[in-house]
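Here's upload_38.pdb, which has PDB, C-alpha atoms and all ligand atoms:
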ATOM      1  CA  MET W 305      64.390 113.186 116.716
ATOM      2  CA  SER W 306      66.497 116.146 115.751
ATOM      3  CA  PRO W 307      69.730 115.468 113.883
ATOM      4  CA  ASP W 308      71.478 117.555 116.499
ATOM      5  CA  ALA W 309      69.937 116.007 119.546
ATOM      6  CA  ALA W 310      71.556 112.924 121.004
ATOM      7  CA  SER W 311      69.165 111.568 123.608
ATOM      8  CA  ALA W 312      70.203 109.869 126.830
ATOM      9  CA  PRO W 313      71.192 106.197 126.887
ATOM     10  CA  ARG W 314      68.345 103.847 127.721
ATOM     11  CA  GLY W 315      70.340 101.931 130.317
ATOM     12  CA  GLU W 316      72.087  98.603 130.284
ATOM     13  CA  PRO W 317      70.740  96.031 127.855
ATOM     14  CA  ALA W 318      68.996  93.139 129.527
ATOM     15  CA  GLU W 319      69.910  89.618 128.526
ATOM     16  CA  SER W 320      66.753  88.366 126.794
ATOM     17  CA  PRO W 321      65.549  84.961 127.913
ATOM     18  CA  GLY W 322      66.096  82.257 125.321
ATOM     19  CA  THR W 323      68.932  84.031 123.487
ATOM     20  CA  VAL W 324      72.503  82.937 122.973
ATOM     21  CA  PRO W 325      74.676  84.948 125.350
ATOM     22  CA  ARG W 326      77.832  86.535 124.061
ATOM     23  CA  THR W 327      80.709  84.144 124.394
ATOM     24  CA  GLY W 328      83.488  86.403 123.142
ATOM     25  CA  PRO W 329      86.052  88.291 125.187
ATOM     26  CA  ILE W 330      84.849  90.876 127.671
ATOM     27  CA  PRO W 331      87.031  93.984 127.955
ATOM     28  CA  GLY W 332      87.647  95.174 131.515
ATOM     29  CA  GLY W 333      86.809  92.228 133.769
ATOM     30  CA  GLY W 334      84.275  92.696 136.549
ATOM     31  CA  GLU W 335      81.662  94.628 134.540
ATOM     32  CA  THR W 336      78.864  93.301 132.364
ATOM     33  CA  SER W 337      80.084  92.953 128.803
ATOM     34  CA  ALA W 338      77.778  95.744 127.582
ATOM     35  CA  ALA W 339      78.988  98.195 130.222
ATOM     36  CA  ALA W 340      82.605  97.319 129.507
ATOM     37  CA  VAL W 341      82.146  97.690 125.741
ATOM     38  CA  ARG W 342      80.418 101.045 126.144
ATOM     39  CA  ARG W 343      83.100 102.308 128.504
ATOM     40  CA  MET W 344      85.832 101.148 126.138
ATOM     41  CA  PHE W 345      84.369 102.894 123.070
ATOM     42  CA  GLY W 346      83.786 106.019 125.123
ATOM     43  CA  ALA W 347      87.467 106.026 126.052
ATOM     44  CA  VAL W 348      88.814 105.488 122.524
ATOM     45  CA  ALA W 349      86.301 107.788 120.773
ATOM     46  CA  PRO W 350      88.732 110.719 120.256
ATOM     47  CA  ARG W 351      91.183 108.472 118.368
ATOM     48  CA  TYR W 352      88.707 105.995 116.877
ATOM     49  CA  ASP W 353      88.603 107.348 113.311
ATOM     50  CA  LEU W 354      92.350 107.937 113.142
ATOM     51  CA  LEU W 355      93.083 104.408 114.315
ATOM     52  CA  ASN W 356      90.478 102.860 112.032
ATOM     53  CA  HIS W 357      92.025 104.394 108.937
ATOM     54  CA  LEU W 358      95.616 103.890 110.082
ATOM     55  CA  LEU W 359      95.306 100.270 111.195
ATOM     56  CA  SER W 360      93.388  99.282 108.060
ATOM     57  CA  LEU W 361      95.626 101.361 105.750
ATOM     58  CA  ASN W 362      92.431 103.212 104.770
ATOM     59  CA  ILE W 363      90.843 100.076 103.318
ATOM     60  CA  ASP W 364      87.935 100.487 105.740
ATOM     61  CA  ARG W 365      86.671 103.430 103.657
ATOM     62  CA  ARG W 366      86.366 101.185 100.599
ATOM     63  CA  TRP W 367      84.614  98.493 102.621
ATOM     64  CA  ARG W 368      82.014 100.960 103.883
ATOM     65  CA  LYS W 369      81.390 102.263 100.354
ATOM     66  CA  ARG W 370      80.916  98.712  99.112
ATOM     67  CA  ALA W 371      78.518  97.951 101.970
ATOM     68  CA  ILE W 372      76.333 100.927 101.026
ATOM     69  CA  ASP W 373      76.536  99.954  97.325
ATOM     70  CA  ARG W 374      75.139  96.562  98.303
ATOM     71  CA  LEU W 375      72.374  98.111 100.402
ATOM     72  CA  LEU W 376      71.295 100.399  97.577
ATOM     73  CA  GLU W 377      71.340  97.589  95.005
ATOM     74  CA  THR W 378      68.278  96.163  96.681
ATOM     75  CA  GLY W 379      65.896  99.018  96.054
ATOM     76  CA  ASN W 380      64.840 102.600  95.955
ATOM     77  CA  PRO W 381      66.698 104.803  98.462
ATOM     78  CA  VAL W 382      63.622 106.297 100.079
ATOM     79  CA  GLY W 383      62.116 105.709 103.503
ATOM     80  CA  GLN W 384      63.611 105.116 106.935
ATOM     81  CA  TYR W 385      67.032 103.493 107.381
ATOM     82  CA  LEU W 386      68.780 102.423 110.563
ATOM     83  CA  ASP W 387      72.531 102.376 111.114
ATOM     84  CA  ALA W 388      72.897 100.455 114.385
ATOM     85  CA  CYS W 389      76.168 100.596 116.360
ATOM     86  CA  THR W 390      76.889 103.649 114.235
ATOM     87  CA  GLY W 391      79.897 104.780 116.277
ATOM     88  CA  THR W 392      81.235 107.937 114.635
ATOM     89  CA  LEU W 393      78.592 107.715 111.880
ATOM     90  CA  ASP W 394      80.766 106.732 108.914
ATOM     91  CA  LEU W 395      78.250 104.275 107.441
ATOM     92  CA  ALA W 396      75.297 106.568 108.157
ATOM     93  CA  VAL W 397      76.876 109.532 106.334
ATOM     94  CA  GLU W 398      78.074 107.279 103.506
ATOM     95  CA  LEU W 399      74.424 106.324 102.942
ATOM     96  CA  ALA W 400      72.831 109.734 103.516
ATOM     97  CA  GLY W 401      75.450 111.469 101.346
ATOM     98  CA  ARG W 402      74.805 109.320  98.280
ATOM     99  CA  GLY W 403      73.416 111.204  95.286
ATOM    100  CA  GLY W 404      69.779 110.301  94.861
ATOM    101  CA  PHE W 405      69.287 109.222  98.466
ATOM    102  CA  ARG W 406      65.906 110.586  99.502
ATOM    103  CA  GLY W 407      65.382 108.769 102.775
ATOM    104  CA  GLN W 408      66.204 109.388 106.437
ATOM    105  CA  VAL W 409      68.880 107.625 108.456
ATOM    106  CA  LEU W 410      68.645 106.960 112.182
ATOM    107  CA  ALA W 411      72.194 106.594 113.518
ATOM    108  CA  LEU W 412      72.112 104.733 116.832
ATOM    109  CA  ASP W 413      74.833 103.895 119.318
ATOM    110  CA  PHE W 414      75.022 103.520 123.085
ATOM    111  CA  SER W 415      78.288 105.464 123.368
ATOM    112  CA  LEU W 416      77.635 109.187 123.575
ATOM    113  CA  PRO W 417      81.320 110.131 123.035
ATOM    114  CA  MET W 418      81.352 108.149 119.763
ATOM    115  CA  LEU W 419      78.165 109.891 118.596
ATOM    116  CA  GLU W 420      79.569 113.275 119.539
ATOM    117  CA  ARG W 421      82.641 112.659 117.389
ATOM    118  CA  GLY W 422      80.384 111.682 114.494
ATOM    119  CA  ARG W 423      77.908 114.534 114.792
ATOM    120  CA  ARG W 424      80.168 116.974 112.938
ATOM    121  CA  LYS W 425      80.105 114.738 109.821
ATOM    122  CA  ILE W 426      76.363 115.181 109.224
ATOM    123  CA  ARG W 427      76.532 118.651 107.621
ATOM    124  CA  GLY W 428      72.859 119.004 106.704
ATOM    125  CA  MET W 429      72.396 115.392 105.637
ATOM    126  CA  PRO W 430      69.154 113.633 106.599
ATOM    127  CA  VAL W 431      70.670 111.837 109.591
ATOM    128  CA  ALA W 432      69.140 111.763 113.083
ATOM    129  CA  ILE W 433      71.301 110.656 115.992
ATOM    130  CA  THR W 434      70.079 108.702 118.967
ATOM    131  CA  CYS W 435      71.891 107.240 121.922
ATOM    132  CA  GLY W 436      70.349 103.848 122.554
ATOM    133  CA  ASP W 437      70.873 100.149 122.807
ATOM    134  CA  ALA W 438      70.879  97.930 119.718
ATOM    135  CA  LEU W 439      69.338  95.142 121.827
ATOM    136  CA  THR W 440      66.289  97.234 122.723
ATOM    137  CA  LEU W 441      65.862  99.550 119.744
ATOM    138  CA  PRO W 442      63.670 102.603 120.329
ATOM    139  CA  ALA W 443      61.428 101.876 117.334
ATOM    140  CA  ALA W 444      58.120 100.164 116.642
ATOM    141  CA  ASP W 445      57.956  96.841 114.787
ATOM    142  CA  ALA W 446      58.466  97.102 111.003
ATOM    143  CA  THR W 447      59.679 100.719 111.104
ATOM    144  CA  PHE W 448      62.707 100.592 108.793
ATOM    145  CA  ASP W 449      63.143 100.068 105.050
ATOM    146  CA  GLY W 450      66.739  98.958 105.507
ATOM    147  CA  ALA W 451      69.453  98.627 108.143
ATOM    148  CA  THR W 452      73.227  98.541 108.336
ATOM    149  CA  VAL W 453      75.608  97.481 111.087
ATOM    150  CA  GLY W 454      79.315  98.182 110.562
ATOM    151  CA  PHE W 455      81.767  96.407 112.853
ATOM    152  CA  GLY W 456      79.145  96.380 115.579
ATOM    153  CA  MET W 457      77.613  92.896 115.743
ATOM    154  CA  ARG W 458      80.641  91.290 117.353
ATOM    155  CA  ASN W 459      80.410  93.760 120.236
ATOM    156  CA  LEU W 460      76.852  92.902 121.214
ATOM    157  CA  ALA W 461      76.218  91.097 124.484
ATOM    158  CA  SER W 462      74.102  88.657 122.485
ATOM    159  CA  LEU W 463      74.516  88.312 118.729
ATOM    160  CA  GLU W 464      71.255  86.400 118.392
ATOM    161  CA  ALA W 465      69.271  88.947 120.431
ATOM    162  CA  GLY W 466      70.733  91.685 118.205
ATOM    163  CA  LEU W 467      69.602  89.911 115.018
ATOM    164  CA  VAL W 468      66.125  89.237 116.404
ATOM    165  CA  GLU W 469      65.811  92.911 117.356
ATOM    166  CA  LEU W 470      66.922  94.040 113.878
ATOM    167  CA  ALA W 471      64.368  91.661 112.340
ATOM    168  CA  ARG W 472      61.682  93.139 114.582
ATOM    169  CA  VAL W 473      62.211  96.732 113.407
ATOM    170  CA  LEU W 474      62.618  95.934 109.679
ATOM    171  CA  ARG W 475      59.705  95.738 107.272
ATOM    172  CA  ALA W 476      59.190  92.442 105.429
ATOM    173  CA  GLY W 477      61.610  92.313 102.498
ATOM    174  CA  ALA W 478      63.810  95.125 103.860
ATOM    175  CA  PRO W 479      67.575  94.598 103.442
ATOM    176  CA  LEU W 480      70.053  94.179 106.266
ATOM    177  CA  ILE W 481      73.756  94.741 105.589
ATOM    178  CA  ILE W 482      76.319  93.635 108.145
ATOM    179  CA  LEU W 483      79.923  94.687 107.568
ATOM    180  CA  GLU W 484      82.210  92.830 109.927
ATOM    181  CA  PHE W 485      85.765  91.639 110.274
ATOM    182  CA  SER W 486      86.449  88.053 109.468
ATOM    183  CA  THR W 487      89.458  85.740 109.570
ATOM    184  CA  PRO W 488      91.057  84.794 106.224
ATOM    185  CA  VAL W 489      91.186  81.048 105.647
ATOM    186  CA  ARG W 490      93.872  80.898 102.952
ATOM    187  CA  GLN W 491      97.584  80.817 103.649
ATOM    188  CA  PRO W 492      99.839  82.751 103.649
ATOM    189  CA  LEU W 493      97.386  85.630 104.177
ATOM    190  CA  ARG W 494      95.933  83.931 107.259
ATOM    191  CA  ALA W 495      99.319  83.649 108.978
ATOM    192  CA  LEU W 496     100.256  87.229 108.080
ATOM    193  CA  TYR W 497      96.898  88.529 109.243
ATOM    194  CA  LEU W 498      97.057  86.656 112.545
ATOM    195  CA  PHE W 499     100.572  87.952 113.173
ATOM    196  CA  TYR W 500      99.504  91.537 112.424
ATOM    197  CA  PHE W 501      96.289  91.217 114.378
ATOM    198  CA  ARG W 502      97.752  89.565 117.462
ATOM    199  CA  MET W 503     101.194  91.097 117.642
ATOM    200  CA  LEU W 504     101.329  94.480 115.891
ATOM    201  CA  LEU W 505      97.816  95.925 115.983
ATOM    202  CA  PRO W 506      97.403  95.805 119.802
ATOM    203  CA  ARG W 507     100.746  97.593 120.272
ATOM    204  CA  ILE W 508     100.039 100.334 117.707
ATOM    205  CA  GLY W 509      96.474 100.712 118.991
ATOM    206  CA  ARG W 510      97.629 100.965 122.620
ATOM    207  CA  ALA W 511     100.284 103.553 121.801
ATOM    208  CA  ILE W 512      97.899 105.818 119.890
ATOM    209  CA  SER W 513      94.653 105.347 121.828
ATOM    210  CA  ARG W 514      96.462 105.235 125.198
ATOM    211  CA  HIS W 515      93.909 102.593 126.176
ATOM    212  CA  ASP W 516      95.326  99.361 127.570
ATOM    213  CA  GLU W 517      92.629  96.928 126.522
ATOM    214  CA  ALA W 518      90.736  98.211 123.488
ATOM    215  CA  TYR W 519      93.135  97.080 120.804
ATOM    216  CA  ALA W 520      93.745  93.720 122.449
ATOM    217  CA  TYR W 521      89.969  93.268 122.637
ATOM    218  CA  LEU W 522      89.622  94.021 118.906
ATOM    219  CA  PRO W 523      91.501  90.938 117.608
ATOM    220  CA  ALA W 524      90.088  88.760 120.376
ATOM    221  CA  SER W 525      86.512  89.748 119.494
ATOM    222  CA  VAL W 526      87.120  89.225 115.772
ATOM    223  CA  LEU W 527      88.575  85.752 116.329
ATOM    224  CA  ALA W 528      85.587  84.863 118.524
ATOM    225  CA  PHE W 529      83.035  86.034 115.905
ATOM    226  CA  PRO W 530      81.252  83.274 113.940
ATOM    227  CA  ALA W 531      82.464  82.390 110.438
ATOM    228  CA  PRO W 532      80.246  83.716 107.594
ATOM    229  CA  ASP W 533      78.420  80.409 107.066
ATOM    230  CA  VAL W 534      77.606  80.166 110.768
ATOM    231  CA  LEU W 535      76.356  83.756 110.806
ATOM    232  CA  ALA W 536      74.234  82.947 107.731
ATOM    233  CA  THR W 537      72.575  80.069 109.595
ATOM    234  CA  LEU W 538      71.914  82.316 112.567
ATOM    235  CA  LEU W 539      70.427  85.016 110.320
ATOM    236  CA  GLY W 540      68.045  82.400 108.936
ATOM    237  CA  ARG W 541      66.989  81.394 112.460
ATOM    238  CA  CYS W 542      66.403  85.018 113.429
ATOM    239  CA  GLY W 543      63.900  85.972 110.746
ATOM    240  CA  PHE W 544      65.966  86.677 107.616
ATOM    241  CA  GLU W 545      66.032  85.130 104.146
ATOM    242  CA  HIS W 546      67.965  85.539 100.867
ATOM    243  CA  ILE W 547      71.143  85.416 102.918
ATOM    244  CA  ALA W 548      74.491  85.888 101.190
ATOM    245  CA  TRP W 549      77.966  87.097 102.008
ATOM    246  CA  GLU W 550      81.036  88.268 100.157
ATOM    247  CA  PRO W 551      84.578  88.282 101.492
ATOM    248  CA  LEU W 552      86.509  91.546 101.252
ATOM    249  CA  THR W 553      90.292  91.885 100.858
ATOM    250  CA  GLY W 554      91.022  88.169 100.983
ATOM    251  CA  GLY W 555      88.563  87.539 103.801
ATOM    252  CA  ILE W 556      89.802  90.163 106.270
ATOM    253  CA  ALA W 557      86.254  91.474 106.337
ATOM    254  CA  ALA W 558      82.929  90.390 104.892
ATOM    255  CA  ILE W 559      79.660  91.938 103.831
ATOM    256  CA  HIS W 560      76.655  89.887 104.885
ATOM    257  CA  ARG W 561      73.366  90.571 103.118
ATOM    258  CA  ALA W 562      69.918  89.413 104.101
ATOM    259  CA  GLN W 563      66.291  90.404 103.777
ATOM    260  CA  ARG W 564      63.717  90.454 106.508
ATOM    261  CA  ALA W 565      61.527  87.428 105.912
ATOM    262  CA  ALA W 566      57.781  87.881 105.751
ATOM    263  CA  ALA W 567      57.350  84.893 108.021
ATOM    264  CA  PRO W 568      60.244  84.498 110.492
ATOM    265  CA  GLY W 569      61.902  81.114 110.275
ATOM    266  CA  GLN W 570      61.507  80.633 106.499
ATOM    267  CA  SER W 571      64.980  81.278 105.135
ATOM    268  CA  THR W 572      67.059  80.658 102.033
ATOM    269  CA  THR W 573      70.834  80.877 101.805
ATOM    270  CA  THR W 574      71.450  82.015  98.236
ATOM    271  CA  SER W 575      75.205  82.300  97.773
ATOM    272  CA  SER W 576      78.559  82.630  99.423
TER     273      SER W 576
HETATM  274  C1  LIG B   1      83.756  99.089 116.246
HETATM  275  S1  LIG B   1      82.571 100.359 116.503
HETATM  276  C2  LIG B   1      81.879 100.516 114.899
HETATM  277  C3  LIG B   1      81.419 101.915 114.588
HETATM  278  C4  LIG B   1      80.960 102.186 113.172
HETATM  279  N1  LIG B   1      79.759 101.440 112.827
HETATM  280  C5  LIG B   1      82.042 101.941 112.152
HETATM  281  O1  LIG B   1      81.739 101.395 111.091
HETATM  282  O2  LIG B   1      83.167 102.338 112.393
HETATM  283  C6  LIG B   1      81.323  99.484 117.370
HETATM  284  C7  LIG B   1      80.274 100.404 117.950
HETATM  285  O3  LIG B   1      79.204  99.594 118.459
HETATM  286  C8  LIG B   1      78.687 100.243 119.588
HETATM  287  N2  LIG B   1      77.902  99.268 120.346
HETATM  288  C9  LIG B   1      78.312  98.099 120.862
HETATM  289  N3  LIG B   1      77.300  97.477 121.481
HETATM  290  C10 LIG B   1      76.208  98.276 121.340
HETATM  291  C11 LIG B   1      74.849  98.179 121.751
HETATM  292  N4  LIG B   1      74.405  97.128 122.461
HETATM  293  N5  LIG B   1      74.005  99.159 121.421
HETATM  294  C12 LIG B   1      74.435 100.241 120.716
HETATM  295  N6  LIG B   1      75.711 100.403 120.316
HETATM  296  C13 LIG B   1      76.587  99.421 120.618
HETATM  297  C14 LIG B   1      79.896 100.785 120.295
HETATM  298  O4  LIG B   1      79.583 101.825 121.201
HETATM  299  C15 LIG B   1      80.735 101.275 119.122
HETATM  300  O5  LIG B   1      80.518 102.623 118.831
END

Using structure tokens, write down the structure from this file.
Ligand SMILES: C[S@@+](CC[C@H](N)C(=O)[O-])C[C@H]1O[C@@H](n2cnc3c(N)ncnc32)[C@H](O)[C@@H]1O
Amino acid sequence: MSPDAASAPRGEPAESPGTVPRTGPIPGGGETSAAAVRRMFGAVAPRYDLLNHLLSLNIDRRWRKRAIDRLLETGNPVGQYLDACTGTLDLAVELAGRGGFRGQVLALDFSLPMLERGRRKIRGMPVAITCGDALTLPAADATFDGATVGFGMRNLASLEAGLVELARVLRAGAPLIILEFSTPVRQPLRALYLFYFRMLLPRIGRAISRHDEAYAYLPASVLAFPAPDVLATLLGRCGFEHIAWEPLTGGIAAIHRAQRAAAPGQSTTTSS
């Protein structure tokens, strides 16, 4: 795959039999959740980066750096890496731009407009872009030496199917880093956060993105996402071990770490 060539989407993801369907909010009623999510990100793509940095007061940059620090702690930065739900490629270029990184990053998303916004950030880095579905990854089993997903898991039509698919394409022992929003548990931060998230963020997001639903969907999808301990249990069921998580900025976000187990189903939760 050429770094400059974004291939065509592979179609709507199928709901895999035996997986837990997505129970969170679906933007734009009447469509499948995947189609609605893809349409929504396509619509907000031109303002996505601006809104990300503005609404998080730029803290998202620090979170992404920390996520890549955690990924690189686990081993030598060589080989093939996947950044699934890459959006405008911020995590992919954070990894590929690190001094000493000698691997290749495949940046995958099913929204072509998001990928097109991100393409300009590559600037000669070893990043290949592909337009595809995180639930049916275009890669053979055990292809990748590590994977990241930044703010993408909560958008999947099936969280469990997404984790199983990530486990499929990772080599045994390969690290998975999930950076995702979370809901603080401690007061008064929790009350402040919920007020900001429910009342202010949707209004600011709507005004700047000029999209009616996207920034109402954001808090709704975050509140519907499993708590870190629940996600850890799910990771264990989906073929990962050495599972840990760390809260960021008082629990507004969290980095989840795991390693692809050699034998799916044998898992260990190491810390919280
Ligand atoms: C909130 S954005 C996150 C983008 C980027 N990772 C970041 O850190 O800013 C979520 C992205 O997930 C993508 N996405 C959601 N479901 C997907 C799926 N099934 N397959 C591929 N991409 C998906 C969306 O198109 C969107 O670009």

> Evaluating the PyMOL selection byres (((chain W and resi 474) around 12) and not hetatm) on the displayed file yields which residues, as a PyMOL selection string?
Replying inline: chain W and resi 383-387+441+443-452+467-473+475-481+543-544+562-566+568

Subject >> Selection result of the PyMOL selection byres (((not hetatm)) within 9 of (chain B and resi 1)) on this file, as an NGL selection string >> reply: :W and (316-317 or 338-339 or 341-346 or 349 or 352-353 or 356 or 364 or 368 or 387-396 or 412-419 or 435-441 or 452-462 or 466 or 483-484 or 522)

Once 6 Å is added on each side, what are the centre and the three edge lengths, in Å to one decimal, of the axis-aligned box enclosing the listed atoms of segment 547-560 of chain W? Present them as AutoDock Vina command-line options.
--center_x 81.1 --center_y 88.7 --center_z 103.2 --size_x 31.9 --size_y 18.5 --size_z 18.2

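The spacing separating atom CA of Leu535 of chain W from atom CA of Phe485 of chain W amounts to 12.3 Å.
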
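The spacing separating atom CA of Gly379 of chain W from atom CA of Ala536 of chain W amounts to 21.5 Å.
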
- With a distance cut-off of 12 Å and only C-alpha atoms, select the neighbouring residues of segment 500-516 of chain W, excluding the residue or stretch itself and same-chain residues fewer than 4 positions from it, and output the selection as a ChimeraX atom specification. /W:331-332,343-361,485-488,493-496,520-527,556

ask   = What is the atom CA of Arg424 of chain W to atom CA of Ile559 of chain W distance in Å?
value =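 Between atom CA of Arg424 of chain W and atom CA of Ile559 of chain W the gap works out to 26.6 Å.
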
Closest of W:Thr434, W:Gly407, W:Arg561, W:Tyr519 to Glu420 of chain W, counting only C-alpha atoms, is W:Thr434

Using all atoms listed in the file, the shortest atom-to-atom distance to Val397 of chain W among W:Leu463, W:Ala548, W:Val409, W:Leu539 belongs to W:Val409
